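Step one of this worksheet: look at the structure below.
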Amino acid sequence: MAKLIFTAFVSLFLFGCAAPLTVDKLQDFIPSSKIIVLLESTRFDVKIRKALAKQGFKTLKFSTLNRVVSEGNEGEIARLYNEAEARYGLTFYWEPLDRCVVNASKKINGTFEISDLKTNEVLLIIEQGGWSDDCAYHEGTLFNDLAKSLRDNWNN
């Protein structure tokens, strides 16, 4: 029985650790506003939106609002395209590490990837692990920490 408890403890200790905060700025960028769009939907969208709002970001649900018709060049037909409302997009990736036994909170490694919607280039990657919500004696600050780090690296 002692071996089983020891093995379980070691497994949780080795495999349940969350990643520390890392920020990789791939390119310098100077945004004109704090408007950002979530590019993919995850179960954590509401938490991400709330955390970003606390840091002064306006988070749009969709990347386009206007349908634009432009005349084609000589011999071409008219073109239809969607006009982007925001210049920057956020993609959130996550990997589960553990789950809380007292509620639905999850311990995850989360990644914010910021891209320029005009150039399609990835500008900034922020990674950190932590709890999605409070779990017993653990504070669920992951999304607030990621949003704060994004604010600190947003050259506005």
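Following the order of the structure tokens, first chain is A, next is B, and so on, with residues numbered from 1 inside each chain and ligands from 1 in the order they appear.
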Please provide as an NGL selection string all residues within 10 Å of Leu60 (chain A), with the sequence filter that same-chain residues fewer than 5 positions apart are discarded (counting only C-alpha atoms).
:A and (35-39 or 49 or 85-86 or 89)
Quick one: everything within 7 Å of Ile114 (chain A), counting only C-alpha atoms, minus sequence neighbours fewer than 5 positions away in the same chain. Send it as an mmCIF file with N, CA and C atoms, in the first residue's frame.
data_model
loop_
_atom_site.group_PDB
_atom_site.id
_atom_site.type_symbol
_atom_site.label_atom_id
_atom_site.label_comp_id
_atom_site.auth_asym_id
_atom_site.auth_seq_id
_atom_site.Cartn_x
_atom_site.Cartn_y
_atom_site.Cartn_z
ATOM 1 N N TYR A 88 -5.756 42.429 -34.770
ATOM 2 C CA TYR A 88 -5.031 41.349 -34.099
ATOM 3 C C TYR A 88 -5.975 40.253 -33.631
ATOM 4 N N GLY A 89 -5.509 39.030 -33.740
ATOM 5 C CA GLY A 89 -6.291 37.883 -33.319
ATOM 6 C C GLY A 89 -5.571 37.100 -32.242
ATOM 7 N N LEU A 90 -6.350 36.446 -31.389
ATOM 8 C CA LEU A 90 -5.815 35.620 -30.321
ATOM 9 C C LEU A 90 -6.325 34.199 -30.517
ATOM 10 N N THR A 91 -5.394 33.263 -30.570
ATOM 11 C CA THR A 91 -5.744 31.850 -30.582
ATOM 12 C C THR A 91 -5.298 31.283 -29.239
ATOM 13 N N VAL A 122 2.473 35.507 -36.924
ATOM 14 C CA VAL A 122 2.407 35.345 -35.467
ATOM 15 C C VAL A 122 3.392 36.331 -34.847
ATOM 16 N N LEU A 123 2.912 37.118 -33.891
ATOM 17 C CA LEU A 123 3.714 38.175 -33.294
ATOM 18 C C LEU A 123 4.210 37.848 -31.894
ATOM 19 N N LEU A 124 3.374 37.168 -31.119
ATOM 20 C CA LEU A 124 3.645 36.999 -29.703
ATOM 21 C C LEU A 124 3.051 35.690 -29.217
ATOM 22 N N ILE A 125 3.806 34.970 -28.400
ATOM 23 C CA ILE A 125 3.320 33.727 -27.804
ATOM 24 C C ILE A 125 3.553 33.810 -26.302
#
Excluding Ala136 (chain A) and any residue of its chain fewer than 6 positions from it, enumerate the residues within 12 Å of it, using only C-alpha atoms, and give them as a VMD selection string.
chain A and resid 99 to 106
Please identify the strand (DSSP E or B) residues within region 25-153 of chain A (assignment by DSSP from backbone atoms) and present them as a VMD selection string.
chain A and resid 25 35 to 38 58 to 60 64 to 70 79 to 84 88 to 99 106 to 116 121 to 131 135 138
Taking 3 positions as the minimum chain separation for residues in the same chain, which residues sit within 6 Å of Lys107 (chain A) when counting only C-alpha atoms? Answer as an NGL selection string.
:A and (97-99 or 130-131)
Would you save the residues of that selection, restricted to C-alpha atoms, as a PDB file, in the first residue's frame?
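part_19.pdb, freshly written:
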ATOM      1  CA  LEU A  97      -2.819  18.410 -16.669  1.00  0.00           C
ATOM      2  CA  ASP A  98      -5.186  17.644 -13.815  1.00  0.00           C
ATOM      3  CA  ARG A  99      -8.730  18.213 -12.644  1.00  0.00           C
ATOM      4  CA  GLY A 130      -2.321  26.967 -13.734  1.00  0.00           C
ATOM      5  CA  TRP A 131      -5.889  26.415 -12.597  1.00  0.00           C
TER       6      TRP A 131
END
Using only C-alpha atoms, find the one residue out of A:Lys54, A:Thr42, A:Phe143, A:Arg87 that sits nearest to Leu117 (chain A).
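Of A:Lys54, A:Thr42, A:Phe143, A:Arg87, the one nearest Leu117 (chain A) is A:Arg87, counting only C-alpha atoms.
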With only C-alpha atoms as the basis for distance, which of A:Cys135, A:Ala147, A:Ile30, A:Leu142 is at the shortest distance from Ile108 (chain A)?
A:Leu142
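When CA of His138 (chain A) is paired with CA of Asn109 (chain A), their separation reads 15.2 Å.
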For Ser149 (chain A): contacts at 12 Å, only C-alpha atoms, fewer than 2 positions along chain excluded, given as a ChimeraX atom specification:
/A:21-25,51-52,55,111-112,124-128,142-147,151-155
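The shortest atom-to-atom distance to Ser132 (chain A), with only C-alpha atoms taken into account, belongs to A:Arg43 out of A:Arg43, A:Lys118, A:Lys148, A:Lys58.
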From a DSSP calculation on the backbone, collect every residue of region 23-146 of chain A in alpha helix (DSSP H) and output the set as a PDB file with all heavy atoms, in the first residue's frame.
ATOM      1  N   ASP A  45     -13.636  30.458 -23.426  1.00  0.00           N
ATOM      2  CA  ASP A  45     -13.803  31.774 -24.049  1.00  0.00           C
ATOM      3  C   ASP A  45     -14.321  32.835 -23.092  1.00  0.00           C
ATOM      4  O   ASP A  45     -13.824  33.963 -23.079  1.00  0.00           O
ATOM      5  CB  ASP A  45     -14.747  31.692 -25.251  1.00  0.00           C
ATOM      6  CG  ASP A  45     -14.088  31.063 -26.463  1.00  0.00           C
ATOM      7  OD1 ASP A  45     -12.911  30.640 -26.371  1.00  0.00           O
ATOM      8  OD2 ASP A  45     -14.751  30.982 -27.515  1.00  0.00           O
ATOM      9  N   VAL A  46     -15.317  32.513 -22.304  1.00  0.00           N
ATOM     10  CA  VAL A  46     -15.900  33.503 -21.387  1.00  0.00           C
ATOM     11  C   VAL A  46     -14.859  33.953 -20.366  1.00  0.00           C
ATOM     12  O   VAL A  46     -14.724  35.151 -20.092  1.00  0.00           O
ATOM     13  CB  VAL A  46     -17.157  32.929 -20.691  1.00  0.00           C
ATOM     14  CG1 VAL A  46     -17.647  33.855 -19.591  1.00  0.00           C
ATOM     15  CG2 VAL A  46     -18.256  32.687 -21.713  1.00  0.00           C
ATOM     16  N   LYS A  47     -14.102  33.022 -19.821  1.00  0.00           N
ATOM     17  CA  LYS A  47     -13.062  33.370 -18.845  1.00  0.00           C
ATOM     18  C   LYS A  47     -11.976  34.232 -19.487  1.00  0.00           C
ATOM     19  O   LYS A  47     -11.482  35.180 -18.882  1.00  0.00           O
ATOM     20  CB  LYS A  47     -12.454  32.107 -18.251  1.00  0.00           C
ATOM     21  CG  LYS A  47     -13.434  31.314 -17.413  1.00  0.00           C
ATOM     22  CD  LYS A  47     -12.810  30.052 -16.869  1.00  0.00           C
ATOM     23  CE  LYS A  47     -13.811  29.188 -16.151  1.00  0.00           C
ATOM     24  NZ  LYS A  47     -14.630  29.844 -15.205  1.00  0.00           N
ATOM     25  N   ILE A  48     -11.612  33.917 -20.737  1.00  0.00           N
ATOM     26  CA  ILE A  48     -10.605  34.701 -21.457  1.00  0.00           C
ATOM     27  C   ILE A  48     -11.123  36.105 -21.699  1.00  0.00           C
ATOM     28  O   ILE A  48     -10.413  37.088 -21.460  1.00  0.00           O
ATOM     29  CB  ILE A  48     -10.228  34.008 -22.782  1.00  0.00           C
ATOM     30  CG1 ILE A  48      -9.487  32.697 -22.494  1.00  0.00           C
ATOM     31  CG2 ILE A  48      -9.384  34.924 -23.654  1.00  0.00           C
ATOM     32  CD1 ILE A  48      -9.304  31.806 -23.701  1.00  0.00           C
ATOM     33  N   ARG A  49     -12.378  36.240 -22.155  1.00  0.00           N
ATOM     34  CA  ARG A  49     -12.960  37.565 -22.402  1.00  0.00           C
ATOM     35  C   ARG A  49     -12.988  38.426 -21.131  1.00  0.00           C
ATOM     36  O   ARG A  49     -12.656  39.607 -21.160  1.00  0.00           O
ATOM     37  CB  ARG A  49     -14.381  37.433 -22.939  1.00  0.00           C
ATOM     38  CG  ARG A  49     -14.469  36.979 -24.355  1.00  0.00           C
ATOM     39  CD  ARG A  49     -15.944  36.881 -24.786  1.00  0.00           C
ATOM     40  NE  ARG A  49     -16.091  35.957 -25.865  1.00  0.00           N
ATOM     41  CZ  ARG A  49     -15.711  36.183 -27.118  1.00  0.00           C
ATOM     42  NH1 ARG A  49     -15.158  37.315 -27.419  1.00  0.00           N
ATOM     43  NH2 ARG A  49     -15.875  35.274 -28.050  1.00  0.00           N
ATOM     44  N   LYS A  50     -13.396  37.817 -20.018  1.00  0.00           N
ATOM     45  CA  LYS A  50     -13.447  38.552 -18.745  1.00  0.00           C
ATOM     46  C   LYS A  50     -12.059  39.010 -18.324  1.00  0.00           C
ATOM     47  O   LYS A  50     -11.873  40.155 -17.904  1.00  0.00           O
ATOM     48  CB  LYS A  50     -14.051  37.675 -17.647  1.00  0.00           C
ATOM     49  CG  LYS A  50     -15.536  37.472 -17.751  1.00  0.00           C
ATOM     50  CD  LYS A  50     -16.014  36.576 -16.617  1.00  0.00           C
ATOM     51  CE  LYS A  50     -17.476  36.262 -16.691  1.00  0.00           C
ATOM     52  NZ  LYS A  50     -17.896  35.376 -15.593  1.00  0.00           N
ATOM     53  N   ALA A  51     -11.087  38.113 -18.435  1.00  0.00           N
ATOM     54  CA  ALA A  51      -9.717  38.458 -18.025  1.00  0.00           C
ATOM     55  C   ALA A  51      -9.144  39.554 -18.916  1.00  0.00           C
ATOM     56  O   ALA A  51      -8.494  40.489 -18.422  1.00  0.00           O
ATOM     57  CB  ALA A  51      -8.833  37.211 -18.066  1.00  0.00           C
ATOM     58  N   LEU A  52      -9.391  39.484 -20.216  1.00  0.00           N
ATOM     59  CA  LEU A  52      -8.895  40.517 -21.130  1.00  0.00           C
ATOM     60  C   LEU A  52      -9.581  41.859 -20.870  1.00  0.00           C
ATOM     61  O   LEU A  52      -8.936  42.912 -20.917  1.00  0.00           O
ATOM     62  CB  LEU A  52      -9.101  40.083 -22.582  1.00  0.00           C
ATOM     63  CG  LEU A  52      -8.196  38.950 -23.073  1.00  0.00           C
ATOM     64  CD1 LEU A  52      -8.660  38.460 -24.440  1.00  0.00           C
ATOM     65  CD2 LEU A  52      -6.746  39.375 -23.109  1.00  0.00           C
ATOM     66  N   ALA A  53     -10.880  41.837 -20.581  1.00  0.00           N
ATOM     67  CA  ALA A  53     -11.604  43.078 -20.286  1.00  0.00           C
ATOM     68  C   ALA A  53     -11.028  43.761 -19.048  1.00  0.00           C
ATOM     69  O   ALA A  53     -10.903  44.988 -19.016  1.00  0.00           O
ATOM     70  CB  ALA A  53     -13.090  42.788 -20.097  1.00  0.00           C
ATOM     71  N   LYS A  54     -10.658  42.991 -18.039  1.00  0.00           N
ATOM     72  CA  LYS A  54     -10.057  43.569 -16.828  1.00  0.00           C
ATOM     73  C   LYS A  54      -8.731  44.265 -17.131  1.00  0.00           C
ATOM     74  O   LYS A  54      -8.317  45.152 -16.388  1.00  0.00           O
ATOM     75  CB  LYS A  54      -9.820  42.479 -15.775  1.00  0.00           C
ATOM     76  CG  LYS A  54     -11.079  41.950 -15.155  1.00  0.00           C
ATOM     77  CD  LYS A  54     -10.755  40.840 -14.173  1.00  0.00           C
ATOM     78  CE  LYS A  54     -11.996  40.161 -13.652  1.00  0.00           C
ATOM     79  NZ  LYS A  54     -11.676  39.013 -12.798  1.00  0.00           N
ATOM     80  N   LEU A 142      -5.050  31.585 -13.792  1.00  0.00           N
ATOM     81  CA  LEU A 142      -4.368  31.389 -15.073  1.00  0.00           C
ATOM     82  C   LEU A 142      -4.760  32.428 -16.116  1.00  0.00           C
ATOM     83  O   LEU A 142      -3.902  33.056 -16.729  1.00  0.00           O
ATOM     84  CB  LEU A 142      -4.635  29.982 -15.617  1.00  0.00           C
ATOM     85  CG  LEU A 142      -4.077  29.724 -17.023  1.00  0.00           C
ATOM     86  CD1 LEU A 142      -2.565  29.840 -17.031  1.00  0.00           C
ATOM     87  CD2 LEU A 142      -4.539  28.394 -17.546  1.00  0.00           C
ATOM     88  N   PHE A 143      -6.048  32.636 -16.337  1.00  0.00           N
ATOM     89  CA  PHE A 143      -6.479  33.537 -17.403  1.00  0.00           C
ATOM     90  C   PHE A 143      -6.160  34.996 -17.077  1.00  0.00           C
ATOM     91  O   PHE A 143      -5.783  35.764 -17.961  1.00  0.00           O
ATOM     92  CB  PHE A 143      -7.963  33.336 -17.709  1.00  0.00           C
ATOM     93  CG  PHE A 143      -8.226  31.952 -18.208  1.00  0.00           C
ATOM     94  CD1 PHE A 143      -8.869  31.022 -17.412  1.00  0.00           C
ATOM     95  CD2 PHE A 143      -7.782  31.549 -19.451  1.00  0.00           C
ATOM     96  CE1 PHE A 143      -9.077  29.729 -17.862  1.00  0.00           C
ATOM     97  CE2 PHE A 143      -7.979  30.263 -19.916  1.00  0.00           C
ATOM     98  CZ  PHE A 143      -8.628  29.344 -19.111  1.00  0.00           C
ATOM     99  N   ASN A 144      -6.273  35.359 -15.794  1.00  0.00           N
ATOM    100  CA  ASN A 144      -5.874  36.710 -15.399  1.00  0.00           C
ATOM    101  C   ASN A 144      -4.374  36.911 -15.586  1.00  0.00           C
ATOM    102  O   ASN A 144      -3.939  37.986 -16.016  1.00  0.00           O
ATOM    103  CB  ASN A 144      -6.268  36.980 -13.938  1.00  0.00           C
ATOM    104  CG  ASN A 144      -7.761  37.105 -13.778  1.00  0.00           C
ATOM    105  OD1 ASN A 144      -8.459  37.564 -14.672  1.00  0.00           O
ATOM    106  ND2 ASN A 144      -8.269  36.688 -12.634  1.00  0.00           N
ATOM    107  N   ASP A 145      -3.578  35.894 -15.280  1.00  0.00           N
ATOM    108  CA  ASP A 145      -2.125  35.996 -15.453  1.00  0.00           C
ATOM    109  C   ASP A 145      -1.752  36.118 -16.931  1.00  0.00           C
ATOM    110  O   ASP A 145      -0.892  36.936 -17.298  1.00  0.00           O
ATOM    111  CB  ASP A 145      -1.424  34.777 -14.844  1.00  0.00           C
ATOM    112  CG  ASP A 145      -1.539  34.718 -13.324  1.00  0.00           C
ATOM    113  OD1 ASP A 145      -1.898  35.741 -12.699  1.00  0.00           O
ATOM    114  OD2 ASP A 145      -1.273  33.639 -12.766  1.00  0.00           O
ATOM    115  N   LEU A 146      -2.385  35.320 -17.781  1.00  0.00           N
ATOM    116  CA  LEU A 146      -2.107  35.401 -19.219  1.00  0.00           C
ATOM    117  C   LEU A 146      -2.516  36.768 -19.775  1.00  0.00           C
ATOM    118  O   LEU A 146      -1.778  37.376 -20.564  1.00  0.00           O
ATOM    119  CB  LEU A 146      -2.839  34.284 -19.966  1.00  0.00           C
ATOM    120  CG  LEU A 146      -2.276  32.876 -19.815  1.00  0.00           C
ATOM    121  CD1 LEU A 146      -3.254  31.839 -20.371  1.00  0.00           C
ATOM    122  CD2 LEU A 146      -0.925  32.740 -20.491  1.00  0.00           C
TER     123      LEU A 146
END
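If only C-alpha atoms are the atoms counted, then among A:Thr59, A:Lys34, A:Phe29, A:Gly129 the closest residue to Tyr93 (chain A) is A:Gly129.
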